[in-house]
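J.: run18.txt (compact mmCIF, C-alpha atoms) pasted underneath:
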# COMPACT_ATOMS: atom_id res chain seq x y z
CA MET A 1 -37.22 4.89 20.64
CA THR A 2 -34.89 3.18 18.15
CA ASP A 3 -33.74 5.34 15.27
CA PRO A 4 -35.34 4.20 11.94
CA ILE A 5 -31.94 4.13 10.27
CA ASP A 6 -30.64 1.78 12.98
CA ARG A 7 -33.67 -0.48 12.53
CA ILE A 8 -33.14 -0.61 8.77
CA ALA A 9 -29.43 -1.37 9.21
CA ALA A 10 -30.23 -4.14 11.69
CA ALA A 11 -32.80 -5.64 9.31
CA LEU A 12 -30.36 -5.59 6.41
CA GLU A 13 -27.72 -7.25 8.56
CA ARG A 14 -30.15 -10.04 9.43
CA ILE A 15 -30.93 -10.54 5.74
CA ALA A 16 -27.28 -10.46 4.66
CA PRO A 17 -25.03 -10.90 7.70
CA PRO A 18 -21.37 -9.96 7.27
CA ALA A 19 -19.04 -12.75 6.20
CA PRO A 20 -17.32 -14.50 9.12
CA ALA A 21 -13.75 -13.48 9.75
CA ASP A 22 -10.89 -15.68 8.58
CA ALA A 23 -9.57 -18.24 11.01
CA ASP A 24 -6.32 -17.31 12.73
CA PRO A 25 -3.62 -18.56 10.31
CA LEU A 26 -1.30 -19.24 13.23
CA GLY A 27 -3.80 -20.99 15.49
CA HIS A 28 -4.84 -24.27 13.83
CA PRO A 29 -3.07 -27.34 12.38
CA ALA A 30 -5.15 -27.43 9.20
CA TYR A 31 -7.47 -25.23 7.15
CA VAL A 32 -9.67 -25.17 4.08
CA TRP A 33 -9.42 -22.24 1.66
CA ARG A 34 -12.92 -21.82 0.28
CA ASP A 35 -14.70 -18.85 -1.33
CA GLY A 36 -11.83 -16.54 -0.47
CA ARG A 37 -11.84 -17.46 3.21
CA LEU A 38 -9.51 -19.37 5.47
CA VAL A 39 -11.59 -21.82 7.52
CA ALA A 40 -10.16 -23.97 10.32
CA ALA A 41 -10.56 -27.69 9.59
CA ARG A 42 -13.13 -29.19 11.96
CA ALA A 43 -11.05 -32.27 12.72
CA PHE A 44 -7.48 -32.92 11.68
CA ASP A 45 -6.44 -36.34 12.95
CA PRO A 46 -4.61 -38.20 10.16
CA LEU A 47 -3.44 -41.78 10.33
CA PRO A 48 -0.03 -42.22 11.98
CA LEU A 49 2.74 -42.63 9.44
CA ASP A 50 3.55 -46.15 10.58
CA LEU A 51 0.08 -47.31 9.49
CA LEU A 52 0.85 -46.40 5.88
CA LEU A 53 2.67 -49.39 4.40
CA GLY A 54 4.04 -49.99 0.93
CA VAL A 55 5.02 -46.35 0.41
CA GLU A 56 8.19 -46.17 2.49
CA ALA A 57 10.31 -44.31 -0.10
CA GLN A 58 7.52 -41.82 -0.82
CA LYS A 59 6.96 -41.33 2.91
CA GLU A 60 10.61 -40.57 3.59
CA ALA A 61 10.92 -38.11 0.70
CA LEU A 62 7.74 -36.22 1.55
CA VAL A 63 8.42 -35.88 5.27
CA GLU A 64 11.95 -34.65 4.58
CA ASP A 65 10.65 -32.02 2.14
CA PHE A 66 8.06 -30.83 4.66
CA ARG A 67 10.65 -30.66 7.43
CA ARG A 68 12.86 -28.46 5.27
CA LEU A 69 9.98 -26.09 4.56
CA ALA A 70 9.00 -25.91 8.25
CA ALA A 71 12.61 -25.06 9.13
CA GLY A 72 12.71 -22.23 6.61
CA HIS A 73 15.00 -24.10 4.24
CA ALA A 74 14.64 -24.62 0.49
CA ALA A 75 11.88 -27.12 -0.31
CA GLN A 76 10.14 -28.48 -3.38
CA ASP A 77 6.62 -28.30 -4.73
CA VAL A 78 5.35 -31.89 -4.88
CA LEU A 79 3.27 -33.97 -7.27
CA LEU A 80 1.94 -37.30 -5.96
CA TRP A 81 0.51 -39.34 -8.83
CA GLY A 82 -0.71 -42.85 -9.41
CA ALA A 83 -3.29 -45.49 -8.67
CA ARG A 84 -6.59 -44.67 -7.02
CA GLY A 85 -6.73 -45.39 -3.30
CA SER A 86 -2.98 -45.89 -3.02
CA GLY A 87 -2.53 -43.48 -0.11
CA LYS A 88 -1.55 -40.22 -1.81
CA SER A 89 -3.92 -37.93 0.10
CA ALA A 90 -3.53 -39.84 3.35
CA LEU A 91 0.25 -39.54 3.14
CA VAL A 92 0.15 -35.75 2.64
CA LYS A 93 -1.97 -35.28 5.77
CA SER A 94 0.01 -37.78 7.83
CA ALA A 95 3.32 -36.20 6.81
CA VAL A 96 2.12 -32.74 7.87
CA ALA A 97 0.95 -34.14 11.22
CA ALA A 98 4.29 -35.92 11.76
CA VAL A 99 6.22 -32.67 11.25
CA GLN A 100 3.84 -30.87 13.62
CA VAL A 101 4.38 -33.52 16.31
CA ASP A 102 8.13 -32.92 15.99
CA GLY A 103 7.57 -29.22 16.65
CA GLY A 104 7.68 -27.97 13.07
CA ALA A 105 5.90 -24.68 12.35
CA LEU A 106 3.81 -26.13 9.54
CA ALA A 107 0.11 -26.14 8.65
CA LEU A 108 -1.98 -27.73 5.91
CA ILE A 109 -4.32 -25.63 3.77
CA GLU A 110 -6.62 -27.65 1.52
CA VAL A 111 -7.42 -25.48 -1.49
CA ALA A 112 -10.99 -25.94 -2.67
CA ASP A 113 -10.84 -23.13 -5.24
CA MET A 114 -7.67 -22.77 -7.28
CA ALA A 115 -8.91 -19.48 -8.74
CA GLY A 116 -8.39 -17.86 -5.34
CA LEU A 117 -4.79 -18.95 -4.85
CA ARG A 118 -3.29 -15.48 -5.33
CA ALA A 119 -5.53 -14.09 -2.58
CA LEU A 120 -4.37 -16.94 -0.34
CA PHE A 121 -0.76 -16.06 -1.15
CA ASP A 122 -1.43 -12.51 0.09
CA ARG A 123 -3.03 -13.88 3.26
CA ILE A 124 -0.07 -16.03 4.37
CA ASP A 125 2.90 -14.18 2.88
CA GLY A 126 5.41 -13.20 5.56
CA LEU A 127 3.77 -15.08 8.42
CA PRO A 128 6.09 -16.93 10.86
CA ARG A 129 4.80 -20.31 9.76
CA ALA A 130 5.13 -22.59 6.74
CA TYR A 131 2.16 -23.85 4.75
CA ILE A 132 1.42 -26.85 2.56
CA LEU A 133 -1.16 -25.73 -0.02
CA PHE A 134 -2.91 -28.99 -0.83
CA LEU A 135 -4.77 -29.50 -4.13
CA ASP A 136 -6.28 -32.96 -3.95
CA ASP A 137 -7.23 -35.15 -6.93
CA LEU A 138 -6.36 -32.49 -9.47
CA GLY A 139 -6.96 -32.90 -13.18
CA PHE A 140 -7.76 -30.65 -16.10
CA ASP A 141 -10.21 -31.01 -18.96
CA ALA A 142 -8.17 -28.78 -21.24
CA ALA A 143 -4.49 -27.96 -21.51
CA HIS A 144 -5.04 -24.21 -21.25
CA ASP A 145 -6.80 -24.67 -17.87
CA ALA A 146 -3.51 -25.96 -16.43
CA ARG A 147 -1.46 -22.95 -17.47
CA ALA A 148 -2.58 -20.85 -14.51
CA LEU A 149 -1.20 -23.44 -12.09
CA ARG A 150 1.95 -23.77 -14.18
CA SER A 151 2.46 -20.02 -13.86
CA LEU A 152 2.03 -20.16 -10.09
CA LEU A 153 4.67 -22.88 -9.80
CA GLN A 154 7.29 -21.20 -11.99
CA GLY A 155 7.41 -18.58 -14.65
CA GLY A 156 4.66 -16.22 -13.49
CA ALA A 157 5.13 -12.55 -12.77
CA GLU A 158 4.12 -13.06 -9.14
CA ALA A 159 5.72 -15.97 -7.32
CA ARG A 160 4.11 -17.84 -4.45
CA PRO A 161 5.44 -16.99 -0.97
CA VAL A 162 8.66 -18.58 0.21
CA ASN A 163 6.84 -20.01 3.24
CA ALA A 164 4.41 -22.02 1.06
CA ARG A 165 4.68 -24.96 -1.28
CA LEU A 166 2.06 -26.52 -3.53
CA VAL A 167 1.35 -30.22 -3.07
CA VAL A 168 -0.87 -31.83 -5.71
CA THR A 169 -2.32 -35.33 -5.97
CA SER A 170 -3.56 -36.75 -9.24
CA ASN A 171 -4.41 -40.09 -10.79
CA ARG A 172 -2.60 -38.90 -13.92
CA ARG A 173 1.15 -38.60 -13.98
CA HIS A 174 1.07 -35.58 -16.30
CA LEU A 175 -2.23 -34.09 -15.03
CA ILE A 176 -3.48 -33.33 -18.58
CA PRO A 177 -4.96 -36.17 -20.68
CA ARG A 178 -2.86 -36.79 -23.77
CA ASP A 179 -5.82 -36.58 -26.14
CA ILE A 180 -6.83 -33.17 -24.76
CA ALA A 181 -3.29 -31.85 -25.11
CA GLU A 182 -3.19 -33.07 -28.69
CA GLN A 183 -6.50 -31.38 -29.52
CA GLU A 184 -5.29 -28.12 -28.02
CA SER A 185 -2.08 -28.22 -30.10
CA ALA A 186 -3.19 -29.98 -33.28
CA ILE A 187 -1.21 -27.66 -35.54
CA ASN A 188 2.14 -28.61 -34.04
CA PRO A 189 2.50 -32.12 -32.53
CA ARG A 190 5.54 -30.97 -30.57
CA ASP A 191 3.34 -28.43 -28.75
CA ALA A 192 1.10 -31.29 -27.65
CA VAL A 193 4.04 -33.06 -26.02
CA ASP A 194 5.20 -29.83 -24.38
CA ASP A 195 1.76 -29.07 -22.92
CA HIS A 196 1.44 -32.67 -21.76
CA LEU A 197 4.72 -32.58 -19.85
CA ALA A 198 5.26 -28.93 -18.93
CA LEU A 199 3.02 -28.81 -15.86
CA ALA A 200 4.33 -32.03 -14.29
CA ASP A 201 7.88 -30.84 -14.93
CA ARG A 202 7.29 -27.78 -12.73
CA PHE A 203 7.23 -29.97 -9.61
CA GLY A 204 10.66 -30.49 -8.10
CA LEU A 205 9.55 -33.67 -6.37
CA SER A 206 7.36 -36.23 -8.17
CA LEU A 207 6.30 -39.35 -6.27
CA GLY A 208 4.62 -42.29 -7.98
CA PHE A 209 2.13 -44.67 -6.34
CA HIS A 210 1.38 -48.03 -7.90
CA VAL A 211 -1.17 -50.83 -7.71
CA LEU A 212 -0.58 -53.31 -4.88
CA ASP A 213 -0.06 -57.00 -5.39
CA GLN A 214 -1.95 -59.42 -3.13
CA ASP A 215 0.86 -59.77 -0.60
CA GLY A 216 1.17 -56.00 -0.29
CA TYR A 217 -2.57 -55.63 0.20
CA LEU A 218 -2.66 -58.30 2.90
CA ALA A 219 0.32 -56.71 4.66
CA ILE A 220 -1.67 -53.47 4.98
CA VAL A 221 -4.75 -55.31 6.27
CA ARG A 222 -2.59 -57.22 8.75
CA ASN A 223 -0.96 -54.00 9.99
CA TYR A 224 -4.32 -52.30 10.55
CA ALA A 225 -5.77 -55.38 12.24
CA ALA A 226 -2.80 -55.64 14.61
CA ARG A 227 -3.01 -51.94 15.53
CA PHE A 228 -6.70 -52.18 16.44
CA ASP A 229 -6.60 -55.72 17.83
CA LEU A 230 -9.01 -57.12 15.23
CA PRO A 231 -8.91 -60.77 14.18
CA PHE A 232 -9.19 -61.19 10.42
CA ASP A 233 -9.30 -63.93 7.83
CA SER A 234 -7.00 -63.56 4.82
CA ASP A 235 -9.44 -65.22 2.43
CA GLU A 236 -12.20 -62.87 3.55
CA ALA A 237 -9.94 -59.84 3.09
CA ILE A 238 -9.02 -61.02 -0.42
CA GLY A 239 -12.70 -61.58 -1.22
CA TRP A 240 -13.47 -58.03 -0.07
CA ALA A 241 -10.89 -56.65 -2.53
CA THR A 242 -12.01 -58.95 -5.35
CA ARG A 243 -15.62 -57.77 -5.08
CA ARG A 244 -14.41 -54.18 -5.38
CA GLY A 245 -12.12 -54.89 -8.29
CA SER A 246 -9.13 -53.27 -6.61
CA ARG A 247 -6.33 -53.91 -4.12
CA SER A 248 -5.31 -50.68 -2.43
CA GLY A 249 -4.73 -49.08 0.94
CA ARG A 250 -8.17 -47.51 0.72
CA VAL A 251 -9.85 -50.86 0.09
CA ALA A 252 -7.89 -52.36 2.99
CA TRP A 253 -9.07 -49.57 5.28
CA HIS A 254 -12.69 -50.03 4.19
CA TYR A 255 -12.37 -53.73 5.02
CA ILE A 256 -11.05 -52.87 8.49
CA ILE A 257 -13.98 -50.48 9.07
CA ASP A 258 -16.40 -53.24 8.11
CA LEU A 259 -14.58 -55.75 10.30
CA ALA A 260 -14.60 -53.40 13.28
CA GLY A 261 -18.29 -52.65 12.81
CA ARG A 262 -19.20 -56.34 12.62
CA THR A 263 -17.33 -57.04 15.84
CA GLY A 264 -18.94 -54.12 17.67
CA ARG A 265 -15.81 -51.99 17.78
CA SER A 266 -15.16 -48.31 17.00
CA LEU A 267 -12.08 -46.85 15.33
CA PRO A 268 -10.25 -43.62 16.22
CA PHE A 269 -9.87 -42.42 12.61
Using structure tokens, write down the structure that the file contains.
T.:
Amino acid sequence: MTDPIDRIAAALERIAPPAPADADPLGHPAYVWRDGRLVAARAFDPLPLDLLLGVEAQKEALVEDFRRLAAGHAAQDVLLWGARGSGKSALVKSAVAAVQVDGGALALIEVADMAGLRALFDRIDGLPRAYILFLDDLGFDAAHDARALRSLLQGGAEARPVNARLVVTSNRRHLIPRDIAEQESAINPRDAVDDHLALADRFGLSLGFHVLDQDGYLAIVRNYAARFDLPFDSDEAIGWATRRGSRSGRVAWHYIIDLAGRTGRSLPF
């Protein structure tokens, strides 16, 4: 006969099962840090670097920085800022994958909860692997909310591990809206400028991404279409962008998805 205590323990475990263990930090190419846990990314298959056009200088700088980190050399924290849909997030993932293909001991960790960054630091500190801690589409509603991240980059009592670098994407070059910074520091206008700039200045590498002109947009569409053997009409591609009010790599990719679907084709990404 089962002991009553065992039955009670089993019932409690069914009601509140123990939290799953962290994923092996050395066993996967990419992770998500969520609710204090390291979770292996279900599918990490970024676009090849050669499919990302119009960002050649940014591509070269980012890959070189990631290679240095993977080799155990000095590397920068990175801010990628600029126009929506211009390829910032895609480039981060593709650059990590490119270094991995070359044999670099590097993994991506997408950080869903910045409040848990110090616990993540403890988790990966001293491991024989380098990590890109990726904070995507970051922005702050108040200047004081950004100070925690500023402390993690430089100036805090506890530094991030040497085998990790923070990589942030944002539509804002300085991360904090100017009007918010001014409200936070209304007594001294100089403080507003300092708060507005201080966080962005903590990144050793800052890469800007800008709106495409029509030729640049069509070059991206043409490159995608050639890779996947899809015939396309330039006027139709331009009309697709016009209806969306934007010319960007993201809009070009959405057009290619639509084109592939209409022609009964699938895409690998």
J.: Counting only C-alpha atoms, which residues in region 20-82 of chain A sit no more than 12 Å from region 130-136 of chain A? For each one, give the nearest pair of atoms and the distance in Å, sorted by chain then residue number, as JSON lines.
T.:
{"residue": "A:Pro25", "atom": "CA", "partner": "A:Tyr131", "partner_atom": "CA", "distance": 9.6}
{"residue": "A:Leu26", "atom": "CA", "partner": "A:Ala130", "partner_atom": "CA", "distance": 9.7}
{"residue": "A:His28", "atom": "CA", "partner": "A:Tyr131", "partner_atom": "CA", "distance": 11.5}
{"residue": "A:Pro29", "atom": "CA", "partner": "A:Tyr131", "partner_atom": "CA", "distance": 9.9}
{"residue": "A:Ala30", "atom": "CA", "partner": "A:Tyr131", "partner_atom": "CA", "distance": 9.3}
{"residue": "A:Tyr31", "atom": "CA", "partner": "A:Leu133", "partner_atom": "CA", "distance": 9.6}
{"residue": "A:Val32", "atom": "CA", "partner": "A:Phe134", "partner_atom": "CA", "distance": 9.2}
{"residue": "A:Trp33", "atom": "CA", "partner": "A:Leu133", "partner_atom": "CA", "distance": 9.1}
{"residue": "A:Leu38", "atom": "CA", "partner": "A:Leu133", "partner_atom": "CA", "distance": 11.8}
{"residue": "A:Leu62", "atom": "CA", "partner": "A:Ile132", "partner_atom": "CA", "distance": 11.3}
{"residue": "A:Val63", "atom": "CA", "partner": "A:Ile132", "partner_atom": "CA", "distance": 11.7}
{"residue": "A:Asp65", "atom": "CA", "partner": "A:Ile132", "partner_atom": "CA", "distance": 10.6}
{"residue": "A:Phe66", "atom": "CA", "partner": "A:Ile132", "partner_atom": "CA", "distance": 8.0}
{"residue": "A:Arg67", "atom": "CA", "partner": "A:Ala130", "partner_atom": "CA", "distance": 9.8}
{"residue": "A:Arg68", "atom": "CA", "partner": "A:Ala130", "partner_atom": "CA", "distance": 9.8}
{"residue": "A:Leu69", "atom": "CA", "partner": "A:Ala130", "partner_atom": "CA", "distance": 6.4}
{"residue": "A:Ala70", "atom": "CA", "partner": "A:Ala130", "partner_atom": "CA", "distance": 5.3}
{"residue": "A:Ala71", "atom": "CA", "partner": "A:Ala130", "partner_atom": "CA", "distance": 8.2}
{"residue": "A:Gly72", "atom": "CA", "partner": "A:Ala130", "partner_atom": "CA", "distance": 7.6}
{"residue": "A:His73", "atom": "CA", "partner": "A:Ala130", "partner_atom": "CA", "distance": 10.3}
{"residue": "A:Ala74", "atom": "CA", "partner": "A:Ala130", "partner_atom": "CA", "distance": 11.6}
{"residue": "A:Ala75", "atom": "CA", "partner": "A:Ala130", "partner_atom": "CA", "distance": 10.8}
{"residue": "A:Gln76", "atom": "CA", "partner": "A:Ile132", "partner_atom": "CA", "distance": 10.7}
{"residue": "A:Asp77", "atom": "CA", "partner": "A:Ile132", "partner_atom": "CA", "distance": 9.1}
{"residue": "A:Val78", "atom": "CA", "partner": "A:Phe134", "partner_atom": "CA", "distance": 9.6}
{"residue": "A:Leu79", "atom": "CA", "partner": "A:Leu135", "partner_atom": "CA", "distance": 9.7}
{"residue": "A:Leu80", "atom": "CA", "partner": "A:Asp136", "partner_atom": "CA", "distance": 9.5}
{"residue": "A:Trp81", "atom": "CA", "partner": "A:Asp136", "partner_atom": "CA", "distance": 10.5}
J.: Interatomic distance between CA of Gly245 (chain A) and CA of Phe209 (chain A)?
T.: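 CA of Phe209 (chain A) lies at a distance of 17.6 Å from CA of Gly245 (chain A).
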J.: Tell me which of A:Arg222, A:Arg247, A:Arg165, A:Arg227 sits closest to Arg129 (chain A), counting only C-alpha atoms.
T.: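 Residue with the minimum atom-to-atom distance to Arg129 (chain A): A:Arg165.
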J.: When you draw a straight line from CA of Lys88 (chain A) to CA of Leu52 (chain A), how long is it in Å?
T.: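 CA of Leu52 (chain A) lies at a distance of 10.2 Å from CA of Lys88 (chain A).
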J.: Give me the residues near His210 (chain A) as an MDAnalysis selection string, where near means some atom within 10 Å (using all atoms listed in the file) and where sequence neighbours in that chain fewer than 4 positions away do not count.
T.: chainID A and resid 54:55 81:87 248
J.: Quick one: of A:Val101, A:Ala23, A:Ala159, A:Ala241, who's nearest to Phe121 (chain A), counting all atoms listed in the file?
T.: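 Using all atoms listed in the file, the shortest distance to Phe121 (chain A) belongs to A:Ala159.
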